[in-house]
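To be precise, the following lines are model-v8.cif, and they hold mmCIF, C-alpha atoms.
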```cif
data_model
#
loop_
_atom_site.label_atom_id
_atom_site.label_comp_id
_atom_site.auth_asym_id
_atom_site.auth_seq_id
_atom_site.Cartn_x
_atom_site.Cartn_y
_atom_site.Cartn_z
CA MET A 1 -6.10 19.16 18.44
CA LYS A 2 -6.96 16.31 16.10
CA GLN A 3 -10.51 15.16 15.54
CA SER A 4 -11.75 11.57 15.32
CA LEU A 5 -12.82 10.19 11.95
CA GLY A 6 -13.79 6.84 13.48
CA ALA A 7 -12.43 3.31 13.13
CA LYS A 8 -12.26 3.35 9.34
CA THR A 9 -9.94 2.26 6.53
CA ILE A 10 -8.60 5.73 5.87
CA ALA A 11 -4.93 5.65 4.85
CA VAL A 12 -3.08 7.04 1.85
CA PRO A 13 -1.72 6.29 -0.61
CA THR A 14 -3.56 3.11 -1.55
CA PRO A 15 -3.01 1.52 -4.96
CA VAL A 16 -5.35 0.74 -7.83
CA TRP A 17 -4.24 -2.68 -8.94
CA LEU A 18 -5.85 -5.19 -11.30
CA ILE A 19 -5.59 -8.69 -9.85
CA GLY A 20 -5.39 -11.35 -12.55
CA THR A 21 -6.59 -14.93 -11.98
CA TYR A 22 -7.95 -17.98 -13.81
CA ASP A 23 -11.17 -19.72 -12.85
CA GLU A 24 -11.78 -23.50 -12.88
CA GLU A 25 -12.39 -23.47 -16.61
CA ASP A 26 -9.28 -21.39 -17.41
CA LYS A 27 -11.34 -18.26 -18.01
CA PRO A 28 -9.21 -15.25 -17.04
CA ASN A 29 -10.61 -12.73 -14.59
CA LEU A 30 -9.56 -9.31 -13.34
CA MET A 31 -10.66 -7.41 -10.29
CA THR A 32 -9.62 -4.02 -8.98
CA ALA A 33 -8.06 -3.91 -5.52
CA ALA A 34 -6.95 -1.02 -3.35
CA TRP A 35 -6.27 -3.11 -0.26
CA GLY A 36 -2.72 -4.24 -0.92
CA GLY A 37 0.95 -3.51 -0.48
CA ILE A 38 4.42 -4.95 -0.36
CA CYS A 39 5.01 -6.98 2.80
CA CYS A 40 8.44 -8.64 2.64
CA SER A 41 11.77 -8.05 0.89
CA ARG A 42 13.24 -11.58 1.11
CA PRO A 43 11.45 -13.50 -0.26
CA PRO A 44 9.86 -10.59 -2.09
CA CYS A 45 6.14 -10.61 -1.25
CA VAL A 46 3.06 -8.53 -1.92
CA GLN A 47 -0.34 -8.81 -0.23
CA VAL A 48 -3.74 -8.23 -1.76
CA SER A 49 -6.90 -8.49 0.32
CA LEU A 50 -10.18 -9.57 -1.24
CA ARG A 51 -13.68 -10.30 0.01
CA ALA A 52 -14.72 -13.95 -0.06
CA ALA A 53 -17.71 -12.92 -2.19
CA THR A 54 -15.51 -11.97 -5.14
CA TYR A 55 -15.00 -14.34 -8.02
CA SER A 56 -11.23 -13.77 -7.82
CA HIS A 57 -11.13 -15.03 -4.23
CA GLY A 58 -12.11 -18.57 -5.22
CA ASN A 59 -9.78 -18.41 -8.20
CA ILE A 60 -6.75 -17.63 -6.04
CA LYS A 61 -7.68 -20.33 -3.52
CA ARG A 62 -7.86 -22.93 -6.27
CA ARG A 63 -5.05 -21.87 -8.59
CA LYS A 64 -2.63 -20.63 -5.88
CA ALA A 65 -1.46 -17.78 -8.06
CA PHE A 66 -2.31 -14.24 -9.13
CA THR A 67 -0.82 -11.29 -10.97
CA VAL A 68 -0.78 -7.65 -9.91
CA ASN A 69 -1.24 -5.53 -13.03
CA ILE A 70 -0.72 -1.79 -12.60
CA PRO A 71 -2.84 0.31 -14.92
CA SER A 72 -1.91 3.88 -15.84
CA ASP A 73 -4.18 6.84 -15.22
CA GLU A 74 -5.22 6.66 -18.89
CA HIS A 75 -7.04 3.44 -17.97
CA TRP A 76 -8.85 4.73 -14.90
CA ARG A 77 -12.26 4.15 -16.48
CA GLU A 78 -11.34 0.54 -17.30
CA ALA A 79 -10.00 0.01 -13.77
CA ASP A 80 -13.09 1.56 -12.23
CA TYR A 81 -15.40 -0.58 -14.40
CA ILE A 82 -13.49 -3.76 -13.56
CA GLY A 83 -13.89 -2.91 -9.88
CA ILE A 84 -17.67 -2.64 -10.16
CA VAL A 85 -18.71 -5.58 -12.37
CA SER A 86 -18.27 -9.26 -11.39
CA GLY A 87 -16.42 -11.63 -13.69
CA ARG A 88 -18.82 -14.38 -12.66
CA ASP A 89 -21.44 -13.22 -15.16
CA ASN A 90 -19.52 -10.89 -17.49
CA ASP A 91 -16.62 -10.93 -19.89
CA LYS A 92 -15.33 -7.75 -18.36
CA ILE A 93 -11.80 -8.13 -19.71
CA ALA A 94 -13.07 -7.94 -23.29
CA ASP A 95 -15.61 -5.27 -22.33
CA ALA A 96 -12.77 -3.16 -20.93
CA GLY A 97 -10.80 -3.64 -24.14
CA PHE A 98 -7.95 -5.43 -22.38
CA THR A 99 -5.91 -8.34 -23.72
CA VAL A 100 -4.46 -11.01 -21.44
CA SER A 101 -1.82 -13.65 -21.93
CA LYS A 102 -0.71 -16.49 -19.68
CA SER A 103 2.19 -15.85 -17.36
CA LEU A 104 4.95 -18.37 -18.01
CA LEU A 105 5.94 -18.39 -14.34
CA VAL A 106 2.63 -18.53 -12.47
CA ASP A 107 -0.83 -19.90 -13.14
CA ALA A 108 -2.46 -16.52 -13.82
CA PRO A 109 -3.07 -14.12 -16.72
CA MET A 110 -1.16 -10.88 -17.39
CA VAL A 111 -2.69 -7.71 -18.85
CA GLU A 112 -0.85 -6.51 -21.96
CA GLU A 113 -2.10 -2.94 -21.56
CA CYS A 114 -0.61 -2.54 -18.07
CA GLY A 115 2.95 -1.24 -18.09
CA LEU A 116 3.99 -3.23 -15.01
CA VAL A 117 2.95 -6.74 -14.01
CA ILE A 118 3.94 -8.65 -10.87
CA GLU A 119 3.72 -12.46 -11.07
CA CYS A 120 2.89 -14.09 -7.75
CA ARG A 121 2.64 -17.57 -6.33
CA LEU A 122 0.33 -17.82 -3.32
CA LYS A 123 2.42 -18.08 -0.15
CA GLU A 124 0.00 -17.38 2.72
CA THR A 125 -3.76 -17.03 3.15
CA ILE A 126 -4.86 -15.11 6.22
CA GLU A 127 -8.51 -14.69 7.16
CA LEU A 128 -8.96 -11.28 8.75
CA GLY A 129 -12.74 -10.76 8.67
CA LEU A 130 -14.61 -9.40 5.67
CA HIS A 131 -11.35 -9.65 3.72
CA THR A 132 -8.94 -12.52 3.15
CA MET A 133 -5.33 -11.48 2.80
CA PHE A 134 -3.44 -13.33 0.09
CA VAL A 135 0.32 -13.01 0.38
CA GLY A 136 1.99 -13.73 -2.92
CA GLU A 137 5.65 -14.45 -3.40
CA ILE A 138 6.87 -12.31 -6.28
CA MET A 139 8.39 -14.63 -8.90
CA ASP A 140 9.13 -11.84 -11.38
CA VAL A 141 8.21 -8.28 -12.29
CA LYS A 142 7.66 -7.55 -15.97
CA ALA A 143 7.67 -4.09 -17.49
CA ASP A 144 7.10 -2.39 -20.80
CA GLU A 145 10.15 -0.48 -21.99
CA ALA A 146 7.92 2.61 -22.07
CA VAL A 147 7.73 2.70 -18.24
CA LEU A 148 11.48 2.36 -17.64
CA SER A 149 14.31 4.86 -17.44
CA GLY A 150 17.38 2.73 -18.00
CA ASP A 151 16.55 -0.49 -16.17
CA LYS A 152 14.50 1.17 -13.40
CA LEU A 153 10.76 1.70 -13.05
CA ASP A 154 9.94 5.34 -13.81
CA ILE A 155 6.75 6.14 -11.89
CA LYS A 156 6.15 9.27 -13.99
CA LYS A 157 6.13 7.14 -17.13
CA LEU A 158 3.95 4.41 -15.62
CA GLN A 159 1.59 7.00 -14.04
CA PRO A 160 -0.19 4.62 -11.66
CA ILE A 161 -3.45 5.68 -10.07
CA ILE A 162 -3.49 6.74 -6.41
CA PHE A 163 -6.70 6.01 -4.48
CA ASN A 164 -7.87 7.97 -1.46
CA PRO A 165 -10.35 5.81 0.51
CA GLY A 166 -11.19 8.91 2.55
CA ASP A 167 -13.18 10.49 -0.28
CA SER A 168 -13.15 7.69 -2.90
CA GLY A 169 -11.08 9.76 -5.30
CA TYR A 170 -8.49 8.77 -7.92
CA PHE A 171 -5.38 10.92 -8.22
CA LYS A 172 -2.27 11.19 -10.37
CA VAL A 173 1.33 10.97 -9.24
CA GLY A 174 2.86 14.44 -9.08
CA GLU A 175 6.37 15.80 -9.26
CA LYS A 176 9.46 14.18 -7.77
CA ILE A 177 10.43 15.40 -4.31
CA SER A 178 13.83 13.74 -3.87
CA ASP A 179 15.76 10.52 -3.92
CA ALA A 180 15.36 8.54 -0.68
CA PHE A 181 18.02 7.55 1.88
CA LYS A 182 19.88 10.87 1.72
CA GLN A 183 19.15 12.55 5.06
CA ARG A 184 21.75 10.95 7.32
CA ILE A 185 21.89 13.86 9.77
CA PRO A 186 18.96 15.60 11.51
CA PRO A 187 17.21 17.89 9.02
CA MET B 1 6.93 -7.54 -25.26
CA LYS B 2 7.61 -6.95 -21.60
CA GLN B 3 11.07 -7.39 -20.12
CA SER B 4 11.93 -9.04 -16.82
CA LEU B 5 13.04 -6.86 -13.91
CA GLY B 6 13.57 -9.91 -11.67
CA ALA B 7 11.89 -11.15 -8.50
CA LYS B 8 11.95 -7.80 -6.71
CA THR B 9 9.71 -5.64 -4.54
CA ILE B 10 8.78 -3.26 -7.33
CA ALA B 11 5.21 -2.03 -6.98
CA VAL B 12 3.67 1.42 -6.85
CA PRO B 13 2.41 3.37 -5.09
CA THR B 14 3.95 2.47 -1.75
CA PRO B 15 3.44 4.74 1.26
CA VAL B 16 5.87 6.63 3.47
CA TRP B 17 4.48 6.08 6.94
CA LEU B 18 5.96 6.76 10.36
CA ILE B 19 5.26 3.85 12.70
CA GLY B 20 4.93 4.96 16.33
CA THR B 21 5.74 2.63 19.24
CA TYR B 22 6.89 2.62 22.88
CA ASP B 23 9.84 0.63 24.13
CA GLU B 24 10.06 -1.21 27.47
CA GLU B 25 10.87 1.99 29.30
CA ASP B 26 8.08 3.99 27.67
CA LYS B 27 10.47 5.80 25.36
CA PRO B 28 8.62 6.62 22.15
CA ASN B 29 10.11 5.54 18.83
CA LEU B 30 9.37 6.20 15.20
CA MET B 31 10.45 4.34 12.11
CA THR B 32 9.69 4.91 8.45
CA ALA B 33 7.95 2.11 6.59
CA ALA B 34 7.01 1.73 2.95
CA TRP B 35 5.93 -1.91 3.22
CA GLY B 36 2.32 -1.49 4.32
CA GLY B 37 -1.29 -1.15 3.24
CA ILE B 38 -4.89 -1.60 4.22
CA CYS B 39 -5.87 -5.26 4.42
CA CYS B 40 -9.43 -5.56 5.74
CA SER B 41 -12.57 -3.41 5.87
CA ARG B 42 -14.40 -5.13 8.76
CA PRO B 43 -12.77 -5.05 11.21
CA PRO B 44 -10.75 -2.23 9.66
CA CYS B 45 -7.12 -3.35 9.50
CA VAL B 46 -3.80 -2.08 8.20
CA GLN B 47 -0.57 -4.04 7.81
CA VAL B 48 2.98 -2.78 8.27
CA SER B 49 5.96 -5.05 7.67
CA LEU B 50 9.20 -4.56 9.57
CA ARG B 51 12.51 -6.36 9.82
CA ALA B 52 13.16 -8.14 13.12
CA ALA B 53 16.38 -6.11 13.42
CA THR B 54 14.48 -2.86 13.89
CA TYR B 55 13.89 -1.42 17.34
CA SER B 56 10.20 -0.93 16.50
CA HIS B 57 9.76 -4.66 15.82
CA GLY B 58 10.42 -5.58 19.46
CA ASN B 59 8.31 -2.67 20.64
CA ILE B 60 5.24 -3.87 18.71
CA LYS B 61 5.74 -7.46 19.89
CA ARG B 62 5.82 -6.32 23.53
CA ARG B 63 3.27 -3.50 23.56
CA LYS B 64 0.84 -5.02 21.01
CA ALA B 65 0.10 -1.62 19.51
CA PHE B 66 1.37 0.92 17.00
CA THR B 67 0.33 4.07 15.22
CA VAL B 68 0.60 4.90 11.53
CA ASN B 69 1.47 8.59 11.23
CA ILE B 70 1.30 10.05 7.72
CA PRO B 71 3.77 12.88 7.13
CA SER B 72 3.26 15.47 4.42
CA ASP B 73 5.77 16.13 1.67
CA GLU B 74 7.00 19.13 3.68
CA HIS B 75 8.42 16.59 6.14
CA TRP B 76 10.17 14.34 3.64
CA ARG B 77 13.60 15.11 5.13
CA GLU B 78 12.37 14.17 8.62
CA ALA B 79 10.76 10.98 7.29
CA ASP B 80 13.91 10.06 5.39
CA TYR B 81 16.11 10.69 8.44
CA ILE B 82 13.83 8.63 10.68
CA GLY B 83 14.10 5.80 8.19
CA ILE B 84 17.89 5.76 8.32
CA VAL B 85 18.75 6.19 12.03
CA SER B 86 17.87 3.61 14.73
CA GLY B 87 15.92 4.69 17.83
CA ARG B 88 17.97 2.22 19.86
CA ASP B 89 20.83 4.68 20.24
CA ASN B 90 19.32 8.04 19.21
CA ASP B 91 16.57 10.41 20.21
CA LYS B 92 15.55 10.73 16.61
CA ILE B 93 12.08 12.08 17.38
CA ALA B 94 13.58 15.17 19.03
CA ASP B 95 16.30 15.35 16.38
CA ALA B 96 13.62 15.44 13.69
CA GLY B 97 11.81 18.21 15.55
CA PHE B 98 8.71 16.11 16.09
CA THR B 99 6.45 16.09 19.15
CA VAL B 100 4.62 12.97 20.28
CA SER B 101 1.73 12.41 22.68
CA LYS B 102 0.21 9.21 23.98
CA SER B 103 -2.74 7.78 22.11
CA LEU B 104 -5.71 7.43 24.46
CA LEU B 105 -6.93 4.32 22.64
CA VAL B 106 -3.77 2.29 22.06
CA ASP B 107 -0.43 1.86 23.78
CA ALA B 108 1.59 3.91 21.28
CA PRO B 109 2.61 7.51 20.62
CA MET B 110 1.10 9.84 18.02
CA VAL B 111 3.03 12.47 16.04
CA GLU B 112 1.52 15.95 16.40
CA GLU B 113 3.09 17.18 13.17
CA CYS B 114 1.44 14.48 11.02
CA GLY B 115 -1.95 15.48 9.69
CA LEU B 116 -3.38 11.96 9.86
CA VAL B 117 -2.77 9.29 12.50
CA ILE B 118 -4.15 5.74 12.57
CA GLU B 119 -4.31 4.08 16.01
CA CYS B 120 -3.85 0.31 15.88
CA ARG B 121 -4.04 -2.62 18.25
CA LEU B 122 -1.98 -5.60 17.13
CA LYS B 123 -4.27 -8.28 15.70
CA GLU B 124 -1.97 -10.69 13.85
CA THR B 125 1.78 -11.28 13.56
CA ILE B 126 2.88 -13.17 10.45
CA GLU B 127 6.51 -14.16 9.85
CA LEU B 128 7.21 -13.96 6.13
CA GLY B 129 11.00 -14.02 5.95
CA LEU B 130 13.18 -10.94 6.34
CA HIS B 131 10.05 -9.01 7.30
CA THR B 132 7.40 -9.67 9.92
CA MET B 133 3.95 -8.48 8.98
CA PHE B 134 2.04 -6.81 11.79
CA VAL B 135 -1.69 -6.51 11.13
CA GLY B 136 -3.22 -3.81 13.29
CA GLU B 137 -6.91 -3.36 13.92
CA ILE B 138 -7.71 0.30 13.36
CA MET B 139 -9.30 1.63 16.56
CA ASP B 140 -9.58 5.21 15.31
CA VAL B 141 -8.25 7.60 12.70
CA LYS B 142 -7.42 11.11 13.88
CA ALA B 143 -6.98 14.09 11.59
CA ASP B 144 -6.03 17.74 11.74
CA GLU B 145 -8.80 19.98 10.49
CA ALA B 146 -6.26 21.31 7.98
CA VAL B 147 -6.28 18.00 6.03
CA LEU B 148 -10.07 17.69 5.81
CA SER B 149 -12.64 19.00 3.35
CA GLY B 150 -15.86 18.78 5.30
CA ASP B 151 -15.49 15.56 7.28
CA LYS B 152 -13.46 13.73 4.61
CA LEU B 153 -9.72 13.29 4.19
CA ASP B 154 -8.49 15.62 1.44
CA ILE B 155 -5.35 14.01 0.00
CA LYS B 156 -4.31 17.27 -1.67
CA LYS B 157 -4.31 18.99 1.72
CA LEU B 158 -2.50 16.13 3.49
CA GLN B 159 0.00 15.75 0.60
CA PRO B 160 1.37 12.35 1.64
CA ILE B 161 4.62 11.13 0.13
CA ILE B 162 4.54 8.44 -2.57
CA PHE B 163 7.54 6.09 -2.67
CA ASN B 164 8.73 4.26 -5.77
CA PRO B 165 10.85 1.25 -4.69
CA GLY B 166 11.87 0.89 -8.34
CA ASP B 167 14.19 3.91 -8.22
CA SER B 168 14.04 4.85 -4.50
CA GLY B 169 12.33 8.15 -5.27
CA TYR B 170 9.81 10.22 -3.30
CA PHE B 171 6.96 11.83 -5.21
CA LYS B 172 4.03 14.16 -4.60
CA VAL B 173 0.36 13.45 -5.17
CA GLY B 174 -0.81 15.13 -8.36
CA GLU B 175 -4.14 16.28 -9.69
CA LYS B 176 -7.45 14.53 -9.17
CA ILE B 177 -8.51 12.19 -11.98
CA SER B 178 -12.07 11.36 -10.96
CA ASP B 179 -14.32 10.09 -8.23
CA ALA B 180 -14.32 6.28 -8.06
CA PHE B 181 -17.22 3.84 -8.59
CA LYS B 182 -18.73 5.77 -11.51
CA GLN B 183 -18.02 3.58 -14.56
CA ARG B 184 -20.90 1.11 -14.42
CA ILE B 185 -20.90 0.39 -18.15
CA PRO B 186 -17.92 -0.61 -20.33
CA PRO B 187 -15.79 2.47 -21.04
#
```
Rewrite the structure of this file - the entire thing - as structure tokens.
Amino acid sequence: MKQSLGAKTIAVPTPVWLIGTYDEEDKPNLMTAAWGGICCSRPPCVQVSLRAATYSHGNIKRRKAFTVNIPSDEHWREADYIGIVSGRDNDKIADAGFTVSKSLLVDAPMVEECGLVIECRLKETIELGLHTMFVGEIMDVKADEAVLSGDKLDIKKLQPIIFNPGDSGYFKVGEKISDAFKQRIPP
Amino acid sequence: MKQSLGAKTIAVPTPVWLIGTYDEEDKPNLMTAAWGGICCSRPPCVQVSLRAATYSHGNIKRRKAFTVNIPSDEHWREADYIGIVSGRDNDKIADAGFTVSKSLLVDAPMVEECGLVIECRLKETIELGLHTMFVGEIMDVKADEAVLSGDKLDIKKLQPIIFNPGDSGYFKVGEKISDAFKQRIPP
């Protein structure tokens, strides 16, 4: 018999992604988002959902672009800090010790210290309530060689952070279970 | 210097969720989805993105409801199987050894063997291309006592599966890094 936890945003895994944007004066900003996920294969799309109160929200509306930068667990303090402080009044990118450069494909900054960066052009804006969902079309994914095995993303090398909204905890990625798409008969 | 991986759906973590629906004749169906994520806090919402070719797609359009059932890593073979076979021609729920019961809150079935179930009423349907994004308003989250510590979801007890689209691998959740929202000064 299951018990009710209420109508809450409890689902796992959720990501810890740094969303990169430029403001009106070309100042780069980052914010940390856990409300996001892939949402289409063709065209390839990813959604991130932000509150209208965030500085990044206005930046995406104006510049029609963002990056998804995936920090490793070594940078959990930086990611946590960037999720707490507003870029409106702080230079939190420098404070976090991060370096950004302009994406050549989209009008948004990329974080050098993140092993994987997804460059997105804004495709859809959907008002859901407290959060606005921004659907970005993925124009390219860029990776450090250090997070690849051959030409494929190695999640154990990237070591992204897993967030559990149920207890506000950050977790590591553990051991590999299996390759997918193998079980063609009932288990 | 980062290298280009192309315009692909490479982002981590992505979930392995079983989406529960009823068809026109009240036959329950499950499909496995990795394209999904939370997308609003108030009202609480979660998105799952499915191809129009799937049986579940028509079910959600008609019944305006779905559940998100989170299997543990012990059930990775069942989740993988359910992601490969169509419910149009198979009784894959029985084949996987799963038991479903009707949600009291929404018009969709819940999987007994999944430690966490999210009951959703369809709120928005957004056509993105190959995939349709279904945004569900979360009406309740139901959990087995075995996946809770106190009244909070314990991700180490639930042990959800992490999917890496970059190499089509399933992974476990590893050790806890920290509680979130702690780093109020630059790290």
I'm after chain B in the frame of chain A: fit it by least squares over all Cα atoms matched in order, and give me the output as a short mmCIF file (atom, residue, chain, number, x, y, z; two decimals) with C-alpha atoms, in the coordinates of the input.
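Output file selection11.cif follows:
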```cif
data_model
loop_
_atom_site.label_atom_id
_atom_site.label_comp_id
_atom_site.auth_asym_id
_atom_site.auth_seq_id
_atom_site.Cartn_x
_atom_site.Cartn_y
_atom_site.Cartn_z
CA MET B 1 -6.12 19.14 18.42
CA LYS B 2 -6.96 16.30 16.09
CA GLN B 3 -10.53 15.16 15.54
CA SER B 4 -11.75 11.58 15.33
CA LEU B 5 -12.81 10.20 11.94
CA GLY B 6 -13.78 6.84 13.48
CA ALA B 7 -12.44 3.31 13.13
CA LYS B 8 -12.26 3.36 9.33
CA THR B 9 -9.94 2.27 6.53
CA ILE B 10 -8.61 5.74 5.87
CA ALA B 11 -4.96 5.66 4.84
CA VAL B 12 -3.08 7.03 1.87
CA PRO B 13 -1.73 6.30 -0.61
CA THR B 14 -3.56 3.12 -1.54
CA PRO B 15 -3.00 1.53 -4.95
CA VAL B 16 -5.35 0.75 -7.82
CA TRP B 17 -4.24 -2.68 -8.94
CA LEU B 18 -5.85 -5.18 -11.29
CA ILE B 19 -5.60 -8.69 -9.84
CA GLY B 20 -5.38 -11.36 -12.55
CA THR B 21 -6.60 -14.93 -11.98
CA TYR B 22 -7.96 -17.99 -13.81
CA ASP B 23 -11.17 -19.72 -12.86
CA GLU B 24 -11.79 -23.49 -12.89
CA GLU B 25 -12.37 -23.48 -16.62
CA ASP B 26 -9.30 -21.39 -17.40
CA LYS B 27 -11.34 -18.26 -18.01
CA PRO B 28 -9.22 -15.26 -17.05
CA ASN B 29 -10.61 -12.73 -14.59
CA LEU B 30 -9.59 -9.32 -13.36
CA MET B 31 -10.66 -7.40 -10.30
CA THR B 32 -9.63 -4.02 -8.97
CA ALA B 33 -8.08 -3.92 -5.52
CA ALA B 34 -6.96 -1.02 -3.37
CA TRP B 35 -6.28 -3.11 -0.26
CA GLY B 36 -2.72 -4.24 -0.94
CA GLY B 37 0.97 -3.51 -0.49
CA ILE B 38 4.43 -4.95 -0.35
CA CYS B 39 5.02 -6.97 2.80
CA CYS B 40 8.44 -8.64 2.64
CA SER B 41 11.77 -8.05 0.89
CA ARG B 42 13.23 -11.58 1.10
CA PRO B 43 11.47 -13.51 -0.26
CA PRO B 44 9.85 -10.60 -2.09
CA CYS B 45 6.14 -10.62 -1.26
CA VAL B 46 3.06 -8.54 -1.93
CA GLN B 47 -0.33 -8.80 -0.23
CA VAL B 48 -3.75 -8.23 -1.77
CA SER B 49 -6.90 -8.49 0.32
CA LEU B 50 -10.19 -9.58 -1.23
CA ARG B 51 -13.67 -10.31 0.02
CA ALA B 52 -14.70 -13.97 -0.07
CA ALA B 53 -17.71 -12.93 -2.18
CA THR B 54 -15.52 -11.98 -5.13
CA TYR B 55 -14.99 -14.37 -8.02
CA SER B 56 -11.23 -13.78 -7.82
CA HIS B 57 -11.13 -15.02 -4.21
CA GLY B 58 -12.11 -18.56 -5.21
CA ASN B 59 -9.78 -18.42 -8.20
CA ILE B 60 -6.74 -17.63 -6.03
CA LYS B 61 -7.68 -20.32 -3.50
CA ARG B 62 -7.86 -22.94 -6.27
CA ARG B 63 -5.04 -21.88 -8.58
CA LYS B 64 -2.63 -20.64 -5.87
CA ALA B 65 -1.45 -17.78 -8.06
CA PHE B 66 -2.30 -14.24 -9.14
CA THR B 67 -0.83 -11.29 -10.96
CA VAL B 68 -0.79 -7.65 -9.91
CA ASN B 69 -1.26 -5.53 -13.03
CA ILE B 70 -0.72 -1.79 -12.59
CA PRO B 71 -2.85 0.33 -14.92
CA SER B 72 -1.91 3.88 -15.83
CA ASP B 73 -4.16 6.86 -15.23
CA GLU B 74 -5.20 6.67 -18.90
CA HIS B 75 -7.02 3.45 -17.96
CA TRP B 76 -8.84 4.74 -14.89
CA ARG B 77 -12.25 4.16 -16.49
CA GLU B 78 -11.34 0.54 -17.29
CA ALA B 79 -9.99 0.01 -13.77
CA ASP B 80 -13.10 1.55 -12.24
CA TYR B 81 -15.40 -0.58 -14.40
CA ILE B 82 -13.49 -3.76 -13.55
CA GLY B 83 -13.90 -2.91 -9.89
CA ILE B 84 -17.67 -2.65 -10.15
CA VAL B 85 -18.71 -5.59 -12.38
CA SER B 86 -18.27 -9.27 -11.39
CA GLY B 87 -16.41 -11.66 -13.71
CA ARG B 88 -18.82 -14.40 -12.67
CA ASP B 89 -21.43 -13.26 -15.17
CA ASN B 90 -19.52 -10.91 -17.51
CA ASP B 91 -16.61 -10.93 -19.90
CA LYS B 92 -15.34 -7.75 -18.37
CA ILE B 93 -11.80 -8.13 -19.71
CA ALA B 94 -13.08 -7.94 -23.29
CA ASP B 95 -15.60 -5.26 -22.33
CA ALA B 96 -12.76 -3.15 -20.94
CA GLY B 97 -10.79 -3.63 -24.15
CA PHE B 98 -7.96 -5.43 -22.39
CA THR B 99 -5.91 -8.34 -23.72
CA VAL B 100 -4.48 -11.00 -21.44
CA SER B 101 -1.82 -13.66 -21.94
CA LYS B 102 -0.72 -16.48 -19.69
CA SER B 103 2.18 -15.84 -17.35
CA LEU B 104 4.95 -18.37 -18.01
CA LEU B 105 5.95 -18.39 -14.34
CA VAL B 106 2.64 -18.53 -12.48
CA ASP B 107 -0.83 -19.89 -13.14
CA ALA B 108 -2.47 -16.52 -13.84
CA PRO B 109 -3.07 -14.12 -16.72
CA MET B 110 -1.17 -10.89 -17.40
CA VAL B 111 -2.70 -7.71 -18.85
CA GLU B 112 -0.86 -6.51 -21.96
CA GLU B 113 -2.10 -2.95 -21.56
CA CYS B 114 -0.61 -2.53 -18.07
CA GLY B 115 2.94 -1.25 -18.09
CA LEU B 116 3.99 -3.23 -15.01
CA VAL B 117 2.95 -6.74 -14.00
CA ILE B 118 3.95 -8.64 -10.86
CA GLU B 119 3.72 -12.45 -11.07
CA CYS B 120 2.89 -14.10 -7.75
CA ARG B 121 2.63 -17.58 -6.33
CA LEU B 122 0.34 -17.82 -3.31
CA LYS B 123 2.43 -18.09 -0.14
CA GLU B 124 0.01 -17.39 2.72
CA THR B 125 -3.76 -17.04 3.15
CA ILE B 126 -4.85 -15.11 6.24
CA GLU B 127 -8.52 -14.69 7.17
CA LEU B 128 -8.97 -11.28 8.76
CA GLY B 129 -12.73 -10.76 8.67
CA LEU B 130 -14.60 -9.40 5.66
CA HIS B 131 -11.35 -9.64 3.70
CA THR B 132 -8.95 -12.51 3.17
CA MET B 133 -5.34 -11.48 2.80
CA PHE B 134 -3.45 -13.33 0.09
CA VAL B 135 0.33 -12.99 0.38
CA GLY B 136 1.99 -13.74 -2.93
CA GLU B 137 5.67 -14.46 -3.41
CA ILE B 138 6.87 -12.30 -6.28
CA MET B 139 8.39 -14.62 -8.89
CA ASP B 140 9.12 -11.85 -11.39
CA VAL B 141 8.20 -8.29 -12.29
CA LYS B 142 7.67 -7.56 -15.98
CA ALA B 143 7.68 -4.09 -17.49
CA ASP B 144 7.10 -2.37 -20.80
CA GLU B 145 10.16 -0.50 -21.98
CA ALA B 146 7.93 2.59 -22.08
CA VAL B 147 7.73 2.70 -18.24
CA LEU B 148 11.47 2.36 -17.63
CA SER B 149 14.31 4.86 -17.43
CA GLY B 150 17.36 2.72 -17.99
CA ASP B 151 16.54 -0.50 -16.16
CA LYS B 152 14.50 1.16 -13.39
CA LEU B 153 10.77 1.70 -13.03
CA ASP B 154 9.95 5.34 -13.80
CA ILE B 155 6.76 6.15 -11.89
CA LYS B 156 6.16 9.27 -13.99
CA LYS B 157 6.13 7.14 -17.13
CA LEU B 158 3.93 4.42 -15.61
CA GLN B 159 1.59 7.01 -14.03
CA PRO B 160 -0.18 4.62 -11.65
CA ILE B 161 -3.45 5.69 -10.05
CA ILE B 162 -3.48 6.75 -6.39
CA PHE B 163 -6.69 6.02 -4.47
CA ASN B 164 -7.87 7.97 -1.44
CA PRO B 165 -10.36 5.81 0.53
CA GLY B 166 -11.18 8.93 2.55
CA ASP B 167 -13.18 10.51 -0.28
CA SER B 168 -13.16 7.70 -2.90
CA GLY B 169 -11.08 9.77 -5.30
CA TYR B 170 -8.48 8.78 -7.91
CA PHE B 171 -5.37 10.92 -8.21
CA LYS B 172 -2.26 11.20 -10.36
CA VAL B 173 1.35 10.98 -9.24
CA GLY B 174 2.88 14.45 -9.09
CA GLU B 175 6.38 15.81 -9.24
CA LYS B 176 9.46 14.18 -7.77
CA ILE B 177 10.44 15.40 -4.30
CA SER B 178 13.82 13.75 -3.85
CA ASP B 179 15.76 10.53 -3.93
CA ALA B 180 15.36 8.56 -0.69
CA PHE B 181 18.02 7.55 1.87
CA LYS B 182 19.89 10.87 1.70
CA GLN B 183 19.15 12.55 5.04
CA ARG B 184 21.74 10.95 7.31
CA ILE B 185 21.90 13.86 9.74
CA PRO B 186 18.97 15.59 11.49
CA PRO B 187 17.21 17.90 9.02
#
```
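Shell of Pro13 (chain A) at 7 Å, with all atoms listed in the file counted and residues fewer than 5 places along the chain excluded, is Ile162, Phe163 and Asn164 of chain A; Pro13, Thr14, Pro15 and Ile162 of chain B.
Checking A:Gly115, A:Pro186, A:Gly36, A:Gly150 one by one against Glu74 (chain A), counting all atoms listed in the file, you find the shortest gap at A:Gly115.
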